[in-house]
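query_18.txt follows (compact mmCIF, C-alpha atoms (C1' of nucleotides)):
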```txt
# COMPACT_ATOMS: atom_id res chain seq x y z
CA MET A 62 28.30 -3.74 -26.84
CA ALA A 63 27.06 -4.37 -30.36
CA MET A 64 23.38 -4.92 -31.15
CA ASP A 65 22.16 -2.03 -28.99
CA HIS A 66 18.70 -2.09 -30.40
CA TYR A 67 18.66 -5.62 -31.60
CA THR A 68 15.50 -6.90 -30.07
CA GLN A 69 14.80 -10.29 -31.54
CA LEU A 70 11.10 -9.59 -31.19
CA CYS A 71 9.92 -12.69 -32.99
CA PRO A 72 12.03 -15.38 -34.61
CA ARG A 73 9.03 -16.38 -36.71
CA PHE A 74 8.78 -12.89 -38.10
CA GLU A 75 12.47 -12.89 -38.93
CA LYS A 76 12.14 -16.21 -40.65
CA ALA A 77 9.19 -14.91 -42.65
CA MET A 78 11.09 -11.81 -43.68
CA GLU A 79 14.10 -13.89 -44.65
CA LEU A 80 11.88 -16.00 -46.86
CA LEU A 81 9.82 -13.26 -48.43
CA SER A 82 12.57 -10.75 -48.99
CA LYS A 83 14.65 -13.21 -50.97
CA ARG A 84 14.85 -12.11 -54.56
CA TRP A 85 12.02 -13.41 -56.78
CA THR A 86 10.37 -15.46 -54.04
CA ALA A 87 7.44 -13.12 -53.45
CA LEU A 88 6.86 -12.60 -57.15
CA ILE A 89 6.76 -16.33 -57.79
CA VAL A 90 4.19 -16.79 -55.04
CA PHE A 91 2.22 -13.87 -56.44
CA ARG A 92 2.13 -15.45 -59.87
CA LEU A 93 0.74 -18.64 -58.39
CA LEU A 94 -2.09 -16.85 -56.58
CA THR A 95 -4.30 -17.16 -59.64
CA GLY A 96 -3.77 -20.90 -59.99
CA PRO A 97 -1.27 -23.62 -60.86
CA LEU A 98 1.44 -22.87 -63.39
CA ARG A 99 4.09 -24.85 -65.18
CA PHE A 100 7.80 -24.12 -64.97
CA SER A 101 7.90 -22.49 -68.37
CA GLU A 102 4.84 -20.41 -67.64
CA ILE A 103 6.34 -18.91 -64.51
CA ASP A 104 9.61 -18.42 -66.34
CA ASN A 105 7.91 -16.59 -69.20
CA SER A 106 5.75 -14.53 -66.91
CA LEU A 107 8.72 -13.07 -65.07
CA PRO A 108 11.20 -11.49 -67.45
CA ASN A 109 14.74 -11.22 -66.05
CA LEU A 110 14.18 -14.26 -63.88
CA SER A 111 16.50 -17.00 -65.09
CA GLY A 112 15.48 -20.63 -65.27
CA LYS A 113 18.38 -21.44 -63.00
CA VAL A 114 17.16 -19.24 -60.17
CA LEU A 115 13.53 -20.22 -60.76
CA SER A 116 14.55 -23.81 -60.27
CA GLU A 117 16.30 -22.95 -57.01
CA ARG A 118 13.40 -20.88 -55.70
CA LEU A 119 10.80 -23.50 -56.51
CA LYS A 120 12.80 -26.04 -54.54
CA GLU A 121 13.14 -23.69 -51.60
CA LEU A 122 9.44 -22.85 -51.66
CA GLU A 123 8.56 -26.52 -51.78
CA VAL A 124 10.85 -27.27 -48.85
CA GLU A 125 9.29 -24.40 -46.90
CA GLY A 126 5.86 -25.78 -47.68
CA LEU A 127 4.55 -22.79 -49.62
CA ILE A 128 4.11 -24.62 -52.90
CA ARG A 129 3.36 -28.10 -54.14
CA ARG A 130 4.88 -29.82 -57.19
CA ASP A 131 2.57 -32.14 -59.10
CA VAL A 132 3.74 -34.42 -61.89
CA TYR A 133 1.29 -35.43 -64.63
CA PRO A 134 2.80 -38.25 -66.69
CA GLU A 135 1.49 -37.01 -70.02
CA ILE A 136 3.36 -36.76 -73.29
CA PRO A 137 5.48 -34.86 -72.76
CA VAL A 138 5.41 -34.72 -69.00
CA ARG A 139 3.50 -31.87 -67.40
CA ILE A 140 4.63 -30.53 -64.06
CA GLU A 141 2.51 -28.02 -62.22
CA TYR A 142 3.37 -25.80 -59.30
CA SER A 143 0.62 -24.56 -57.03
CA LEU A 144 0.25 -22.86 -53.68
CA THR A 145 -0.38 -24.80 -50.50
CA ASP A 146 -2.59 -23.36 -47.76
CA LYS A 147 0.50 -21.82 -46.24
CA GLY A 148 1.27 -20.15 -49.54
CA SER A 149 -2.29 -19.00 -50.20
CA ALA A 150 -2.37 -17.48 -46.74
CA LEU A 151 -0.11 -14.75 -48.11
CA THR A 152 -2.96 -13.32 -50.17
CA PRO A 153 -3.73 -10.45 -47.75
CA LEU A 154 -0.11 -9.43 -47.94
CA PHE A 155 -0.28 -8.90 -51.68
CA LYS A 156 -3.57 -7.07 -51.31
CA ASP A 157 -1.86 -4.69 -48.91
CA ILE A 158 1.02 -4.14 -51.28
CA GLY A 159 -1.46 -3.44 -54.05
CA GLN A 160 -3.31 -0.93 -51.93
CA TRP A 161 -0.14 0.76 -50.83
CA ALA A 162 1.10 0.93 -54.40
CA THR A 163 -2.17 2.44 -55.61
CA GLU A 164 -2.04 5.09 -52.96
CA TRP A 165 1.63 5.95 -52.87
CA ILE A 166 3.53 4.89 -55.97
CA VAL A 167 3.85 7.65 -58.52
CA LEU A 168 4.92 6.61 -61.98
CA PRO A 169 6.91 8.72 -64.46
CA SER A 170 3.84 8.74 -66.71
CA ASP A 171 1.84 10.40 -63.92
CA SER A 172 3.86 13.59 -64.27
CA GLU A 173 2.47 14.30 -67.74
CA THR A 174 -0.28 16.44 -66.29
CA MET A 175 1.61 19.59 -65.40
CA MET B 251 6.04 -15.76 -78.58
CA ALA B 252 7.71 -15.17 -75.24
CA MET B 253 5.86 -13.76 -72.24
CA ASP B 254 2.74 -15.90 -72.75
CA HIS B 255 1.26 -15.10 -69.41
CA TYR B 256 2.98 -11.84 -68.75
CA THR B 257 0.10 -9.61 -67.89
CA GLN B 258 1.51 -6.34 -66.65
CA LEU B 259 -1.49 -6.00 -64.36
CA CYS B 260 -0.31 -2.93 -62.53
CA PRO B 261 2.95 -1.09 -63.05
CA ARG B 262 2.54 0.45 -59.60
CA PHE B 263 2.38 -2.98 -58.03
CA GLU B 264 5.49 -4.05 -59.91
CA LYS B 265 7.31 -0.96 -58.78
CA ALA B 266 6.27 -1.62 -55.19
CA MET B 267 7.47 -5.22 -55.40
CA GLU B 268 10.74 -4.14 -56.94
CA LEU B 269 11.25 -1.75 -54.05
CA LEU B 270 10.17 -4.00 -51.23
CA SER B 271 11.80 -7.19 -52.41
CA LYS B 272 15.21 -5.58 -52.64
CA ARG B 273 17.48 -7.07 -50.03
CA TRP B 274 17.37 -5.32 -46.63
CA THR B 275 14.93 -2.62 -47.75
CA ALA B 276 11.89 -4.00 -45.95
CA LEU B 277 13.85 -4.76 -42.80
CA ILE B 278 15.21 -1.22 -42.66
CA VAL B 279 11.71 0.20 -42.99
CA PHE B 280 10.53 -2.22 -40.32
CA ARG B 281 13.20 -1.06 -37.91
CA LEU B 282 12.10 2.54 -38.41
CA LEU B 283 8.45 1.77 -37.62
CA THR B 284 9.08 2.34 -33.92
CA GLY B 285 10.69 5.74 -34.43
CA PRO B 286 13.72 7.58 -35.80
CA LEU B 287 17.09 5.89 -35.70
CA ARG B 288 20.65 6.90 -36.41
CA PHE B 289 22.85 5.24 -39.00
CA SER B 290 24.81 3.28 -36.42
CA GLU B 291 21.66 2.17 -34.64
CA ILE B 292 20.16 0.67 -37.77
CA ASP B 293 23.50 -0.87 -38.59
CA ASN B 294 23.80 -2.45 -35.15
CA SER B 295 20.20 -3.63 -35.12
CA LEU B 296 20.61 -5.62 -38.32
CA PRO B 297 23.49 -8.06 -38.10
CA ASN B 298 24.89 -9.11 -41.47
CA LEU B 299 23.86 -5.81 -43.02
CA SER B 300 27.01 -3.95 -44.00
CA GLY B 301 27.38 -0.22 -43.57
CA LYS B 302 28.06 0.04 -47.26
CA VAL B 303 24.73 -1.46 -48.27
CA LEU B 304 22.88 0.37 -45.50
CA SER B 305 24.23 3.61 -46.95
CA GLU B 306 22.98 2.64 -50.42
CA ARG B 307 19.54 1.60 -49.17
CA LEU B 308 19.03 4.72 -47.11
CA LYS B 309 19.75 6.83 -50.18
CA GLU B 310 17.35 4.78 -52.30
CA LEU B 311 14.64 4.98 -49.65
CA GLU B 312 15.09 8.72 -49.37
CA VAL B 313 14.89 9.11 -53.15
CA GLU B 314 11.73 7.00 -53.18
CA GLY B 315 10.28 9.14 -50.44
CA LEU B 316 9.89 6.42 -47.83
CA ILE B 317 12.29 7.93 -45.33
CA ARG B 318 13.54 11.35 -44.29
CA ARG B 319 17.09 12.28 -43.30
CA ASP B 320 17.42 14.90 -40.60
CA VAL B 321 20.73 16.47 -39.63
CA TYR B 322 21.19 17.80 -36.12
CA PRO B 323 24.36 19.91 -35.96
CA GLU B 324 25.42 18.71 -32.54
CA ILE B 325 28.87 17.67 -31.41
CA PRO B 326 29.46 15.33 -33.01
CA VAL B 327 26.79 15.60 -35.65
CA ARG B 328 23.65 13.51 -35.19
CA ILE B 329 21.78 12.27 -38.22
CA GLU B 330 18.41 10.63 -37.85
CA TYR B 331 16.42 8.59 -40.31
CA SER B 332 12.67 8.39 -39.96
CA LEU B 333 9.69 7.21 -41.98
CA THR B 334 7.63 9.58 -44.08
CA ASP B 335 3.88 9.07 -44.41
CA LYS B 336 4.57 6.94 -47.46
CA GLY B 337 6.88 4.77 -45.39
CA SER B 338 4.58 4.56 -42.38
CA ALA B 339 1.78 3.49 -44.69
CA LEU B 340 3.53 0.13 -44.92
CA THR B 341 2.59 -0.71 -41.34
CA PRO B 342 -0.35 -3.00 -42.29
CA LEU B 343 2.01 -4.93 -44.49
CA PHE B 344 4.26 -5.81 -41.59
CA LYS B 345 1.26 -6.66 -39.47
CA ASP B 346 0.22 -9.13 -42.16
CA ILE B 347 3.64 -10.70 -42.24
CA GLY B 348 3.58 -10.99 -38.48
CA GLN B 349 0.20 -12.67 -38.50
CA TRP B 350 1.19 -15.01 -41.28
CA ALA B 351 4.40 -15.89 -39.47
CA THR B 352 2.56 -16.60 -36.22
CA GLU B 353 0.15 -18.89 -37.97
CA TRP B 354 2.41 -20.68 -40.43
CA ILE B 355 6.06 -20.50 -39.55
CA VAL B 356 7.28 -23.48 -37.61
CA LEU B 357 10.62 -23.18 -35.89
CA PRO B 358 13.08 -26.00 -35.23
CA SER B 359 12.47 -25.47 -31.50
CA ASP B 360 8.77 -26.20 -32.03
CA SER B 361 9.52 -29.82 -32.86
CA GLU B 362 10.65 -30.60 -29.33
CA THR B 363 7.17 -31.74 -28.40
CA MET B 364 6.94 -35.09 -30.17
C1' DT C 192 49.45 24.25 -36.48
C1' DA C 193 48.96 19.63 -35.52
C1' DC C 194 46.61 16.09 -33.57
C1' DA C 195 42.61 13.65 -31.52
C1' DC C 196 37.69 12.62 -31.30
C1' DT C 197 33.24 11.20 -33.12
C1' DA C 198 29.57 9.53 -36.44
C1' DA C 199 28.60 9.07 -41.15
C1' DA C 200 29.84 7.62 -45.32
C1' DT C 201 33.01 5.94 -48.98
C1' DT C 202 36.67 3.11 -51.03
C1' DA C 203 39.37 -1.11 -52.55
C1' DC C 204 39.23 -5.66 -52.42
C1' DA C 205 37.05 -10.53 -51.66
C1' DT C 206 33.07 -13.45 -51.66
C1' DA C 207 28.37 -14.70 -52.77
C1' DA C 208 24.30 -14.47 -55.65
C1' DA C 209 22.20 -14.07 -59.99
C1' DG C 210 22.16 -13.94 -65.30
C1' DT C 211 23.38 -16.35 -69.86
C1' DA C 212 23.56 -19.82 -72.91
C1' DA C 213 24.57 -24.45 -73.83
C1' DG C 214 23.77 -29.03 -72.44
C1' DT C 215 21.45 -33.20 -70.04
C1' DA C 216 17.38 -36.46 -68.63
C1' DG C 217 13.78 -39.11 -69.69
C1' DA C 218 9.81 -40.42 -72.34
C1' DA C 219 7.64 -41.02 -76.80
C1' DC C 220 7.83 -41.92 -81.47
C1' DA C 221 9.38 -41.57 -86.68
C1' DT D 195 19.31 -44.08 -84.32
C1' DG D 196 17.68 -39.66 -84.23
C1' DT D 197 14.12 -36.12 -83.18
C1' DT D 198 10.81 -33.68 -80.14
C1' DC D 199 9.31 -31.92 -75.87
C1' DT D 200 9.52 -29.94 -71.08
C1' DA D 201 12.02 -29.61 -67.06
C1' DC D 202 15.84 -28.98 -65.29
C1' DT D 203 21.37 -28.57 -64.72
C1' DT D 204 26.00 -27.04 -65.65
C1' DA D 205 30.07 -23.95 -66.79
C1' DC D 206 30.97 -19.47 -67.16
C1' DT D 207 30.21 -14.22 -66.73
C1' DT D 208 28.34 -10.36 -64.51
C1' DT D 209 26.30 -8.07 -60.64
C1' DA D 210 25.40 -7.56 -55.68
C1' DT D 211 26.89 -7.77 -51.17
C1' DG D 212 30.31 -8.31 -47.21
C1' DT D 213 34.76 -6.78 -44.89
C1' DA D 214 37.85 -3.74 -43.23
C1' DA D 215 40.42 0.32 -43.81
C1' DT D 216 40.01 5.05 -44.99
C1' DT D 217 37.91 9.67 -45.68
C1' DT D 218 34.90 13.61 -44.45
C1' DA D 219 33.47 17.18 -41.61
C1' DG D 220 32.91 19.50 -37.46
C1' DT D 221 34.90 20.44 -33.00
C1' DG D 222 38.11 20.47 -29.23
C1' DT D 223 42.74 20.94 -27.35
C1' DA D 224 47.82 20.71 -26.68
```

Produce structure tokens that represent the structure in this file.
Amino acid sequence: MAMDHYTQLCPRFEKAMELLSKRWTALIVFRLLTGPLRFSEIDNSLPNLSGKVLSERLKELEVEGLIRRDVYPEIPVRIEYSLTDKGSALTPLFKDIGQWATEWIVLPSDSETM
Amino acid sequence: MAMDHYTQLCPRFEKAMELLSKRWTALIVFRLLTGPLRFSEIDNSLPNLSGKVLSERLKELEVEGLIRRDVYPEIPVRIEYSLTDKGSALTPLFKDIGQWATEWIVLPSDSETM
DNA sequence: TACACTAAATTACATAAAGTAAGTAGAACA
DNA sequence: TGTTCTACTTACTTTATGTAATTTAGTGTA
């Protein structure tokens, strides 16, 4: 009698949510929207994200086909992460979040007027 | 010299991401898109979500103004959670995820053909 | 009064996920 | 051999979440 309202509307949707709601995943994708980045660049651009978890997430995202890992045998080696088409296709999502945030998120600093 | 590329583009966006990428939060909002639900209904509709965490999330979402908590003094008491305008405004977001999922998510069962 | 019923929420405890800081891999070169 | 560099990885600590039992609060009822 459990799962009264559990309508598994769309397994694809659930999979997408599982992916995107995993901690740091969306932010990493967001960072890559503007172009390829190296490991250290992503790491530096997201304070509180540890190199350990970044490493895990990048692997997961590569396995899921959202990002690509390119090795440039320079000195020292340069490794760049970039979005695939599947990853770039998330752009509208971030636009929506941006719009929603602009309209609805009130910051502490906003309360200075009155 | 840390935070090379850390451009705090929009604090509102960061706040939104912090909110939405917290585990279970988005799924709870999603469940409420179709109308008010009681505690036990949300709990039952999301397997693996514990009542403890659901309780925490509902409080956070109420504090953030995404949901409303209505008490109906029936016997026994009935408590309903529903989306505020701020919460409902996330609808396009979920539409985007749905579209993205339809287009890009491939399920194991899809590989049966060839 | 005492006990039962119900839904919501909290608690104590166990497991899983994430953060921290030190260390490794491999390539170049002094 | 030892040093430098970036990209990881590992051992360990802290935080977050899951599990199951318990509490709260209102009502009914023996």

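Going from atom CA of Ser338 of chain B to atom C1' of DA200 of chain C covers 25.6 Å.
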
Starting from chain B, keep only residues with some atom at most 10 Å from an atom of chain C, counting only C-alpha atoms (C1' of nucleotides), and report them as an MDAnalysis selection string. chainID B and resid 288:290 301:302 305:306 325:329

Practice task
Give as a ChimeraX atom specification every residue of chain B that touches chain A within 10 Å, counting only C-alpha atoms.
Solution key: /B:251-258,260-268,270-277,281,287,290-297,314-316,335-337,339-357

**Study point:** chain D residues near chain A (12 Å cut-off, all atoms listed in the file) as a PyMOL selection string
**Key:** chain D and resi 198-204+210

What box, with edges along x, y and z, holds each listed atom of segment 275-290 of chain B when 6 Å is added on every side, and can you state its centre and edge lengths in Å to one decimal, as JSON?
```
{"center_x": 16.6, "center_y": 1.4, "center_z": -40.8, "size_x": 28.4, "size_y": 24.3, "size_z": 25.8}
```

May I have chain A as a compact mmCIF listing (two decimals) with C-alpha atoms, in the frame of the given file, after a least-squares superposition on chain B that uses all C-alpha atoms paired in order?
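Once written, result36.txt looks like this:
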```txt
# COMPACT_ATOMS: atom_id res chain seq x y z
CA MET A 62 5.85 -15.73 -78.50
CA ALA A 63 7.53 -15.17 -75.16
CA MET A 64 5.67 -13.74 -72.16
CA ASP A 65 2.61 -15.95 -72.61
CA HIS A 66 1.19 -15.12 -69.25
CA TYR A 67 2.91 -11.86 -68.72
CA THR A 68 0.04 -9.63 -67.85
CA GLN A 69 1.46 -6.35 -66.66
CA LEU A 70 -1.51 -5.99 -64.35
CA CYS A 71 -0.29 -2.90 -62.57
CA PRO A 72 2.98 -1.06 -63.09
CA ARG A 73 2.59 0.47 -59.64
CA PHE A 74 2.42 -2.95 -58.09
CA GLU A 75 5.53 -4.03 -59.97
CA LYS A 76 7.34 -0.94 -58.84
CA ALA A 77 6.31 -1.61 -55.25
CA MET A 78 7.48 -5.20 -55.45
CA GLU A 79 10.77 -4.12 -56.99
CA LEU A 80 11.29 -1.74 -54.10
CA LEU A 81 10.20 -3.98 -51.27
CA SER A 82 11.80 -7.18 -52.45
CA LYS A 83 15.22 -5.59 -52.66
CA ARG A 84 17.48 -7.08 -50.05
CA TRP A 85 17.38 -5.32 -46.66
CA THR A 86 14.94 -2.62 -47.77
CA ALA A 87 11.90 -4.01 -45.98
CA LEU A 88 13.85 -4.75 -42.83
CA ILE A 89 15.21 -1.22 -42.69
CA VAL A 90 11.71 0.20 -43.02
CA PHE A 91 10.52 -2.22 -40.36
CA ARG A 92 13.19 -1.05 -37.96
CA LEU A 93 12.08 2.53 -38.44
CA LEU A 94 8.44 1.77 -37.67
CA THR A 95 9.06 2.33 -33.97
CA GLY A 96 10.66 5.73 -34.47
CA PRO A 97 13.69 7.58 -35.81
CA LEU A 98 17.07 5.86 -35.70
CA ARG A 99 20.63 6.86 -36.39
CA PHE A 100 22.85 5.19 -38.97
CA SER A 101 24.77 3.24 -36.37
CA GLU A 102 21.61 2.14 -34.62
CA ILE A 103 20.14 0.64 -37.77
CA ASP A 104 23.49 -0.90 -38.58
CA ASN A 105 23.76 -2.50 -35.15
CA SER A 106 20.18 -3.65 -35.15
CA LEU A 107 20.59 -5.65 -38.34
CA PRO A 108 23.48 -8.08 -38.10
CA ASN A 109 24.91 -9.13 -41.48
CA LEU A 110 23.87 -5.84 -43.01
CA SER A 111 27.02 -3.96 -43.98
CA GLY A 112 27.41 -0.23 -43.55
CA LYS A 113 28.09 0.01 -47.25
CA VAL A 114 24.76 -1.47 -48.26
CA LEU A 115 22.92 0.38 -45.49
CA SER A 116 24.25 3.59 -46.92
CA GLU A 117 23.03 2.65 -50.39
CA ARG A 118 19.60 1.58 -49.17
CA LEU A 119 19.05 4.70 -47.11
CA LYS A 120 19.78 6.81 -50.17
CA GLU A 121 17.41 4.78 -52.30
CA LEU A 122 14.67 4.96 -49.67
CA GLU A 123 15.13 8.70 -49.38
CA VAL A 124 14.93 9.12 -53.15
CA GLU A 125 11.78 6.99 -53.22
CA GLY A 126 10.31 9.15 -50.48
CA LEU A 127 9.91 6.43 -47.86
CA ILE A 128 12.31 7.95 -45.36
CA ARG A 129 13.56 11.35 -44.32
CA ARG A 130 17.12 12.26 -43.29
CA ASP A 131 17.43 14.90 -40.59
CA VAL A 132 20.73 16.47 -39.58
CA TYR A 133 21.16 17.80 -36.03
CA PRO A 134 24.34 19.88 -35.84
CA GLU A 135 25.35 18.68 -32.39
CA ILE A 136 28.77 17.59 -31.23
CA PRO A 137 29.37 15.26 -32.85
CA VAL A 138 26.75 15.55 -35.53
CA ARG A 139 23.59 13.50 -35.11
CA ILE A 140 21.76 12.28 -38.18
CA GLU A 141 18.39 10.63 -37.83
CA TYR A 142 16.42 8.59 -40.31
CA SER A 143 12.67 8.38 -39.98
CA LEU A 144 9.70 7.21 -42.00
CA THR A 145 7.65 9.58 -44.11
CA ASP A 146 3.89 9.08 -44.47
CA LYS A 147 4.59 6.94 -47.50
CA GLY A 148 6.89 4.78 -45.43
CA SER A 149 4.58 4.56 -42.43
CA ALA A 150 1.79 3.50 -44.74
CA LEU A 151 3.54 0.13 -44.97
CA THR A 152 2.58 -0.69 -41.40
CA PRO A 153 -0.35 -2.98 -42.34
CA LEU A 154 2.00 -4.94 -44.53
CA PHE A 155 4.26 -5.81 -41.63
CA LYS A 156 1.25 -6.64 -39.49
CA ASP A 157 0.18 -9.12 -42.14
CA ILE A 158 3.61 -10.67 -42.29
CA GLY A 159 3.58 -10.97 -38.52
CA GLN A 160 0.21 -12.66 -38.56
CA TRP A 161 1.20 -15.00 -41.32
CA ALA A 162 4.41 -15.88 -39.52
CA THR A 163 2.57 -16.58 -36.28
CA GLU A 164 0.17 -18.87 -38.02
CA TRP A 165 2.40 -20.66 -40.47
CA ILE A 166 6.09 -20.49 -39.59
CA VAL A 167 7.29 -23.49 -37.65
CA LEU A 168 10.63 -23.15 -35.95
CA PRO A 169 13.11 -25.97 -35.25
CA SER A 170 12.50 -25.41 -31.54
CA ASP A 171 8.80 -26.16 -32.05
CA SER A 172 9.58 -29.80 -32.82
CA GLU A 173 10.77 -30.48 -29.27
CA THR A 174 7.32 -31.64 -28.25
CA MET A 175 7.18 -35.06 -29.84
```

For atom C1' of DT213 of chain D and atom CA of Ser300 of chain B, quote the distance in Å rounded to one decimal.
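Here the two named atoms are 8.3 Å from each other.
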
*How many Å lie between atom CA of Leu308 of chain B and atom CA of Leu282 of chain B, rounded to one decimal?*
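One can read the atom CA of Leu308 of chain B to atom CA of Leu282 of chain B distance as 11.3 Å.
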
Residue neighbourhood Gly96 of chain A, 10 Å, only C-alpha atoms (C1' of nucleotides), exclusion window fewer than 3 positions, as a short mmCIF file (atom, residue, chain, number, x, y, z; two decimals) with C-alpha atoms, in the coordinates of the input:
```cif
data_model
loop_
_atom_site.label_atom_id
_atom_site.label_comp_id
_atom_site.auth_asym_id
_atom_site.auth_seq_id
_atom_site.Cartn_x
_atom_site.Cartn_y
_atom_site.Cartn_z
CA PHE A 91 2.22 -13.87 -56.44
CA ARG A 92 2.13 -15.45 -59.87
CA LEU A 93 0.74 -18.64 -58.39
CA GLU A 141 2.51 -28.02 -62.22
CA TYR A 142 3.37 -25.80 -59.30
CA SER A 143 0.62 -24.56 -57.03
CA LEU A 144 0.25 -22.86 -53.68
#
```

Residue with the minimum atom-to-atom distance to Leu311 of chain B, picked from B:Thr284, B:Leu269, B:Leu299, B:Ser359 with all atoms listed in the file counted, is B:Leu269
